[in-house]
>>> print(open('upload_4.cif').read())   # mmCIF, C-alpha atoms and all ligand atoms
data_upload
loop_
_atom_site.label_atom_id
_atom_site.label_comp_id
_atom_site.auth_asym_id
_atom_site.auth_seq_id
_atom_site.Cartn_x
_atom_site.Cartn_y
_atom_site.Cartn_z
CA MET L 1 0.00 0.00 0.00
CA VAL L 2 1.35 3.43 -0.93
CA GLU L 3 -0.20 6.45 0.76
CA LEU L 4 0.21 9.11 -1.92
CA THR L 5 -1.92 11.56 0.07
CA PRO L 6 -3.83 11.09 3.34
CA ALA L 7 -6.95 10.67 1.20
CA HIS L 8 -5.48 8.49 -1.53
CA THR L 9 -3.78 5.15 -0.91
CA ILE L 10 -3.05 2.78 -3.76
CA SER L 11 -2.30 -0.93 -3.79
CA THR L 12 0.59 -2.08 -5.94
CA ILE L 13 3.52 -4.52 -6.02
CA GLY L 14 6.88 -3.36 -4.69
CA TYR L 15 10.12 -4.46 -3.08
CA ASN L 16 10.26 -5.12 0.67
CA GLY L 17 6.86 -3.59 1.26
CA THR L 18 7.49 -0.09 -0.03
CA SER L 19 7.62 1.79 -3.31
CA PRO L 20 10.14 3.02 -4.14
CA GLY L 21 11.97 0.03 -2.68
CA PRO L 22 14.91 0.44 -0.32
CA LEU L 23 17.88 2.51 -1.47
CA LEU L 24 20.66 0.04 -2.33
CA ARG L 25 24.19 1.35 -1.97
CA MET L 26 27.03 -0.62 -3.50
CA ARG L 27 30.71 0.09 -3.96
CA LYS L 28 32.11 0.06 -7.48
CA GLY L 29 34.19 -3.07 -8.03
CA GLN L 30 33.08 -4.74 -4.82
CA PRO L 31 31.18 -8.00 -5.53
CA VAL L 32 27.64 -8.17 -4.16
CA THR L 33 24.98 -10.81 -3.70
CA VAL L 34 21.30 -9.89 -3.87
CA GLU L 35 18.73 -12.45 -2.85
CA VAL L 36 15.40 -11.88 -4.62
CA ILE L 37 12.30 -13.62 -3.32
CA ASN L 38 9.29 -13.51 -5.61
CA ASP L 39 6.16 -13.43 -3.48
CA THR L 40 3.88 -12.88 -6.47
CA ASP L 41 1.95 -15.40 -8.54
CA VAL L 42 3.79 -14.62 -11.80
CA PRO L 43 7.39 -15.05 -12.99
CA GLU L 44 9.46 -11.94 -12.27
CA LEU L 45 12.95 -10.61 -12.66
CA VAL L 46 14.93 -7.62 -11.40
CA HIS L 47 16.93 -5.48 -13.80
CA TRP L 48 19.94 -3.49 -12.56
CA HIS L 49 19.60 -0.44 -14.77
CA GLY L 50 22.80 1.08 -16.11
CA LEU L 51 25.29 -1.53 -14.91
CA PHE L 52 27.81 -3.35 -17.08
CA ILE L 53 27.25 -6.87 -15.84
CA PRO L 54 26.82 -10.28 -17.49
CA ALA L 55 23.48 -11.01 -19.21
CA GLU L 56 22.74 -13.95 -16.88
CA VAL L 57 22.38 -11.55 -13.93
CA ASP L 58 21.35 -8.35 -15.71
CA GLY L 59 17.69 -9.15 -15.25
CA VAL L 60 16.56 -8.90 -18.85
CA GLU L 61 14.29 -11.63 -20.09
CA GLU L 62 15.18 -11.35 -23.77
CA GLU L 63 18.89 -11.61 -22.95
CA ALA L 64 18.46 -14.92 -21.15
CA THR L 65 18.44 -13.97 -17.49
CA PRO L 66 16.46 -16.75 -15.81
CA MET L 67 13.08 -15.68 -14.40
CA VAL L 68 12.40 -15.84 -10.68
CA PRO L 69 9.54 -18.36 -10.52
CA PRO L 70 6.32 -17.49 -8.65
CA HIS L 71 7.01 -17.88 -4.92
CA GLY L 72 10.58 -18.86 -5.75
CA ARG L 73 13.90 -17.15 -5.21
CA ILE L 74 17.04 -16.34 -7.15
CA ARG L 75 20.46 -15.08 -6.15
CA TYR L 76 22.06 -12.38 -8.28
CA GLN L 77 25.84 -12.10 -7.90
CA PHE L 78 27.77 -9.40 -9.73
CA THR L 79 30.47 -6.77 -9.43
CA PRO L 80 28.80 -3.37 -9.88
CA ARG L 81 30.18 -0.77 -12.27
CA PRO L 82 30.21 1.98 -13.40
CA ALA L 83 29.84 4.29 -10.42
CA GLY L 84 26.86 6.63 -10.31
CA THR L 85 23.15 6.90 -9.65
CA ARG L 86 21.38 3.86 -11.12
CA TRP L 87 18.15 2.11 -10.30
CA TYR L 88 16.62 -1.31 -10.20
CA HIS L 89 13.22 -2.30 -11.55
CA THR L 90 11.24 -5.23 -12.84
CA HIS L 91 11.84 -6.06 -16.48
CA THR L 92 8.78 -8.19 -17.12
CA MET L 93 6.78 -7.07 -20.13
CA ALA L 94 3.47 -5.50 -19.21
CA GLY L 95 2.02 -5.65 -22.72
CA ALA L 96 -1.51 -4.29 -22.46
CA ASP L 97 -1.78 -5.11 -18.75
CA LEU L 98 -1.43 -1.84 -16.86
CA HIS L 99 -1.05 -3.71 -13.56
CA ARG L 100 2.16 -5.50 -14.49
CA GLY L 101 5.82 -4.76 -15.09
CA ALA L 102 6.95 -1.15 -15.13
CA TYR L 103 3.44 0.09 -14.22
CA THR L 104 3.76 -1.42 -10.74
CA GLY L 105 5.78 -0.08 -7.84
CA GLN L 106 8.69 -2.44 -8.53
CA PHE L 107 11.57 0.02 -8.60
CA GLY L 108 14.12 1.64 -6.33
CA PHE L 109 17.36 3.60 -6.29
CA LEU L 110 20.70 1.87 -6.73
CA PHE L 111 23.71 4.00 -5.94
CA ILE L 112 27.13 2.74 -6.97
CA GLU L 113 29.71 4.66 -4.97
CA PRO L 114 32.98 5.41 -6.72
CA ALA L 115 35.96 3.59 -5.19
CA ASN L 116 36.93 6.95 -3.74
CA TYR L 117 33.80 8.86 -2.72
CA PRO L 118 34.70 12.12 -1.01
CA GLY L 119 31.07 13.06 -0.40
CA ASN L 120 31.72 16.73 -1.09
CA PHE L 121 28.26 17.88 0.04
CA ASP L 122 26.26 18.47 3.22
CA LYS L 123 23.08 16.58 2.38
CA GLU L 124 21.86 14.27 -0.33
CA PHE L 125 18.38 13.32 -1.47
CA PHE L 126 17.09 10.62 -3.78
CA LEU L 127 14.01 11.77 -5.69
CA ALA L 128 12.08 9.54 -8.11
CA LEU L 129 9.34 10.95 -10.34
CA ARG L 130 6.48 8.58 -10.80
CA GLU L 131 2.92 8.25 -12.13
CA TRP L 132 0.21 5.95 -10.81
CA GLU L 133 -3.18 4.57 -11.75
CA PRO L 134 -2.53 4.21 -15.47
CA PHE L 135 -5.37 4.01 -17.95
CA PHE L 136 -5.73 3.86 -21.70
CA ASN L 137 -6.23 7.35 -22.94
CA PRO L 138 -8.06 7.76 -26.26
CA GLU L 139 -6.17 11.00 -26.93
CA ALA L 140 -2.45 11.22 -27.66
CA ASP L 141 -0.83 13.03 -24.76
CA ASP L 142 2.41 14.31 -26.19
CA ASP L 143 2.54 17.80 -24.76
CA GLU L 144 5.15 16.65 -22.25
CA ASP L 145 7.56 16.33 -25.11
CA ALA L 146 9.57 19.52 -25.40
CA SER L 147 10.41 18.80 -29.02
CA ASN L 148 6.75 19.40 -29.87
CA SER L 149 6.68 22.90 -28.44
CA GLY L 150 8.36 24.63 -31.37
CA PRO L 151 6.93 25.27 -34.83
CA GLN L 152 5.98 22.01 -36.51
CA PRO L 153 6.48 21.23 -40.18
CA GLU L 154 3.26 21.30 -42.16
CA ARG L 155 3.62 17.65 -42.86
CA PRO L 156 5.60 15.71 -40.26
CA LYS L 157 8.49 13.63 -41.61
CA THR L 158 7.23 10.60 -39.73
CA LEU L 159 3.50 10.14 -39.46
CA ASP L 160 2.10 9.14 -36.09
CA THR L 161 0.69 5.71 -36.76
CA SER L 162 0.12 4.69 -33.14
CA PRO L 163 -3.27 3.05 -32.67
CA SER L 164 -5.75 5.37 -31.00
CA GLY L 165 -6.79 4.37 -27.52
CA LEU L 166 -3.38 2.94 -26.68
CA GLU L 167 -1.80 6.01 -25.16
CA VAL L 168 -1.29 5.51 -21.44
CA GLY L 169 -2.45 8.31 -19.17
CA TYR L 170 -2.13 8.56 -15.40
CA GLN L 171 -4.35 9.86 -12.63
CA MET L 172 -1.85 10.32 -9.82
CA PHE L 173 1.70 11.68 -9.71
CA SER L 174 4.33 11.55 -7.00
CA ILE L 175 7.91 12.22 -6.03
CA ASN L 176 9.01 9.03 -4.30
CA ASP L 177 5.85 7.90 -2.51
CA LYS L 178 4.13 11.25 -1.97
CA SER L 179 1.96 13.40 -4.20
CA MET L 180 2.43 17.15 -4.21
CA GLY L 181 1.69 18.68 -0.82
CA ALA L 182 1.49 15.35 1.02
CA GLY L 183 5.17 14.74 1.71
CA GLU L 184 7.61 16.28 4.14
CA PRO L 185 9.41 19.28 2.63
CA ILE L 186 13.10 18.97 1.84
CA ARG L 187 14.76 20.89 4.65
CA VAL L 188 18.11 22.53 3.99
CA ARG L 189 20.06 25.39 5.53
CA GLN L 190 21.10 28.44 3.61
CA GLY L 191 24.51 27.88 2.07
CA GLU L 192 24.48 24.11 2.39
CA ARG L 193 25.65 22.03 -0.53
CA VAL L 194 22.86 19.67 -1.49
CA LEU L 195 23.23 16.71 -3.82
CA MET L 196 20.05 15.50 -5.49
CA HIS L 197 19.82 12.20 -7.29
CA LEU L 198 16.91 12.59 -9.71
CA LEU L 199 15.25 9.66 -11.43
CA ASN L 200 12.44 9.53 -13.93
CA ALA L 201 10.92 6.19 -12.88
CA SER L 202 8.01 6.56 -15.29
CA ALA L 203 7.02 3.69 -17.50
CA SER L 204 6.26 5.94 -20.42
CA MET L 205 6.52 9.70 -19.87
CA ASN L 206 9.17 12.39 -20.20
CA ARG L 207 9.20 14.58 -17.11
CA SER L 208 10.75 17.84 -16.06
CA ILE L 209 11.46 19.20 -12.62
CA ALA L 210 11.83 22.78 -11.40
CA LEU L 211 13.50 24.14 -8.30
CA PRO L 212 12.13 27.69 -8.08
CA GLY L 213 14.59 30.19 -6.64
CA HIS L 214 17.54 27.88 -7.08
CA ARG L 215 19.61 26.55 -9.91
CA PHE L 216 20.66 22.98 -10.46
CA GLN L 217 24.28 22.35 -11.25
CA ILE L 218 24.46 19.07 -13.13
CA VAL L 219 27.40 17.02 -11.89
CA ALA L 220 26.51 13.74 -13.57
CA ASP L 221 24.07 12.52 -16.21
CA GLY L 222 23.06 8.88 -15.98
CA ARG L 223 22.10 8.77 -19.63
CA GLN L 224 25.79 9.06 -20.45
CA SER L 225 26.68 5.88 -18.65
CA ARG L 226 29.48 4.87 -21.01
CA SER L 227 32.05 5.87 -18.43
CA ASP L 228 32.13 6.55 -14.73
CA THR L 229 30.40 9.65 -13.49
CA PRO L 230 32.82 12.10 -11.93
CA ASP L 231 33.30 11.92 -8.19
CA CYS L 232 31.09 14.48 -6.52
CU CU B 301 15.77 0.28 -16.82
#
>>> encode(input="upload_4.cif", output="structure tokens")
Amino acid sequence: MVELTPAHTISTIGYNGTSPGPLLRMRKGQPVTVEVINDTDVPELVHWHGLFIPAEVDGVEEEATPMVPPHGRIRYQFTPRPAGTRWYHTHTMAGADLHRGAYTGQFGFLFIEPANYPGNFDKEFFLALREWEPFFNPEADDDEDASNSGPQPERPKTLDTSPSGLEVGYQMFSINDKSMGAGEPIRVRQGERVLMHLLNASASMNRSIALPGHRFQIVADGRQSRSDTPDC
């Protein structure tokens, strides 16, 4: 159960009873073992997003990672790299079932500390953007996409051929497990150095985030995971 607001609690599937699941911290280059117990009635698997690890433990069905059978368990053993903010999530295919796979609460932060992590900041926060209560929306909802905000060619180069009625919309939105106004504020002192790990944990949407009155300084971008993120 996730209490998004005092008036709105949803029921979903997550890791260790919460969503997002527990923050997992690992050290780059230090072997780890993760025991995954599947308490659901369907085969599952956990994907370690952004790591360079062998396919057998990467948690991707189509690359031959074995599934965790219903009510079974599997042990993932790997040596995490590269360093940086990553995440873990189910990699089962939802298809048209909006109560499976990436539409559920099966995700959490995975932080791979560099071998030498000076921690040059006063506070750090892990913030995941998320939508809930998905439904099939008969209208294409593409206004989140910044590339659509400029002038459009009279005839688009690629025609949108997506079947109508198969756009996924959402009724509830949250940062971590709280909708706007329902969570504790982030408390910082003037002059403190604050490190924020931001994750778009959405199954399908681009998101943006604003920090009115302040300016983000980007110290690492997880999309560029070809090499280690700089120590921060
Ligand atoms: Cu992923």
>>> residues_near_ligand(input="upload_4.cif", ligand="ligand CU 301 (chain B)", cutoff="7 Å", atoms="only C-alpha atoms and all ligand atoms", output="MDAnalysis selection string")
chainID L and resid 47 49 88:89
>>> axis_aligned_box(input="upload_4.cif", around="segment 174-191 of chain L", padding_each_side="4 Å", output="lines of an AutoDock Vina configuration file")
center_x = 13.0
center_y = 18.2
center_z = -0.7
size_x = 31.0
size_y = 28.5
size_z = 20.5
>>> atom_distance(input="upload_4.cif", atom1="atom CA of Leu98 of chain L", atom2="atom CA of Ser202 of chain L")
12.7 Å
>>> closest_residue(input="upload_4.cif", among="L:Met93, L:Val32, L:Ala210, L:Val2", to="Phe78 of chain L", atoms="only C-alpha atoms")
L:Val32
>>> residues_around(input="upload_4.cif", residues="Phe111 of chain L", least_positions_apart="4", cutoff="8 Å", atoms="all atoms listed in the file", output="ChimeraX atom specification")
/L:23-26,83-87
>>> write_last_selection(input="upload_4.cif", atoms="C-alpha atoms", output="PDB file, in the frame of the given file")
ATOM      1  CA  LEU L  23      17.880   2.510  -1.470  1.00  0.00           C
ATOM      2  CA  LEU L  24      20.660   0.040  -2.330  1.00  0.00           C
ATOM      3  CA  ARG L  25      24.190   1.350  -1.970  1.00  0.00           C
ATOM      4  CA  MET L  26      27.030  -0.620  -3.500  1.00  0.00           C
ATOM      5  CA  ALA L  83      29.840   4.290 -10.420  1.00  0.00           C
ATOM      6  CA  GLY L  84      26.860   6.630 -10.310  1.00  0.00           C
ATOM      7  CA  THR L  85      23.150   6.900  -9.650  1.00  0.00           C
ATOM      8  CA  ARG L  86      21.380   3.860 -11.120  1.00  0.00           C
ATOM      9  CA  TRP L  87      18.150   2.110 -10.300  1.00  0.00           C
TER      10      TRP L  87
END
>>> residues_around(input="upload_4.cif", residues="Leu195 of chain L", least_positions_apart="6", cutoff="7 Å", atoms="all atoms listed in the file", output="mmCIF file with C-alpha atoms, in the coordinates of the input")
data_model
loop_
_atom_site.group_PDB
_atom_site.id
_atom_site.type_symbol
_atom_site.label_atom_id
_atom_site.label_comp_id
_atom_site.auth_asym_id
_atom_site.auth_seq_id
_atom_site.Cartn_x
_atom_site.Cartn_y
_atom_site.Cartn_z
ATOM 1 C CA PHE L 121 28.260 17.880 0.040
ATOM 2 C CA LYS L 123 23.080 16.580 2.380
ATOM 3 C CA GLU L 124 21.860 14.270 -0.330
ATOM 4 C CA PHE L 125 18.380 13.320 -1.470
#
>>> residues_around(input="upload_4.cif", residues="Gly17 of chain L", least_positions_apart="4", cutoff="12 Å", atoms="all atoms listed in the file", output="list in words")
Met1, Val2, Ser11, Thr12, Ile13, Gly21, Pro22, Asp39, Gly105, Gln106, Phe107 and Gly108 of chain L
>>> write_last_selection(input="upload_4.cif", atoms="C-alpha atoms", output="short mmCIF file (atom, residue, chain, number, x, y, z; two decimals), in the coordinates of the input")
data_model
loop_
_atom_site.label_atom_id
_atom_site.label_comp_id
_atom_site.auth_asym_id
_atom_site.auth_seq_id
_atom_site.Cartn_x
_atom_site.Cartn_y
_atom_site.Cartn_z
CA MET L 1 0.00 0.00 0.00
CA VAL L 2 1.35 3.43 -0.93
CA SER L 11 -2.30 -0.93 -3.79
CA THR L 12 0.59 -2.08 -5.94
CA ILE L 13 3.52 -4.52 -6.02
CA GLY L 21 11.97 0.03 -2.68
CA PRO L 22 14.91 0.44 -0.32
CA ASP L 39 6.16 -13.43 -3.48
CA GLY L 105 5.78 -0.08 -7.84
CA GLN L 106 8.69 -2.44 -8.53
CA PHE L 107 11.57 0.02 -8.60
CA GLY L 108 14.12 1.64 -6.33
#
>>> closest_residue(input="upload_4.cif", among="L:Gln190, L:Thr92, L:Asn176, L:Ser204", to="Asp122 of chain L", atoms="all atoms listed in the file")
L:Gln190
>>> residues_around(input="upload_4.cif", residues="Glu62 of chain L", least_positions_apart="3", cutoff="10 Å", atoms="only C-alpha atoms", output="PyMOL selection string")
chain L and resi 55+59+65-66+91-92
>>> residues_around(input="upload_4.cif", residues="Val36 of chain L", least_positions_apart="6", cutoff="8 Å", atoms="all atoms listed in the file", output="ChimeraX atom specification")
/L:68,73-76
>>> closest_residue(input="upload_4.cif", among="L:His197, L:His71, L:Arg100, L:Arg130", to="Asp41 of chain L", atoms="all atoms listed in the file")
L:His71
>>> closest_residue(input="upload_4.cif", among="L:Ile112, L:Met196, L:Glu133, L:Arg189", to="Gly50 of chain L", atoms="all atoms listed in the file")
L:Ile112
>>> closest_residue(input="upload_4.cif", among="L:Leu198, L:Val168, L:Leu211, L:Met180", to="Gly95 of chain L", atoms="all atoms listed in the file")
L:Val168
>>> atom_distance(input="upload_4.cif", atom1="atom CA of Val188 of chain L", atom2="atom CA of Ile175 of chain L")
17.6 Å
>>> atom_distance(input="upload_4.cif", atom1="atom CA of Lys178 of chain L", atom2="atom CA of Ala102 of chain L")
18.3 Å
>>> closest_residue(input="upload_4.cif", among="L:Leu129, L:Ile53, L:Ala94, L:Met67", to="Arg81 of chain L", atoms="all atoms listed in the file")
L:Ile53
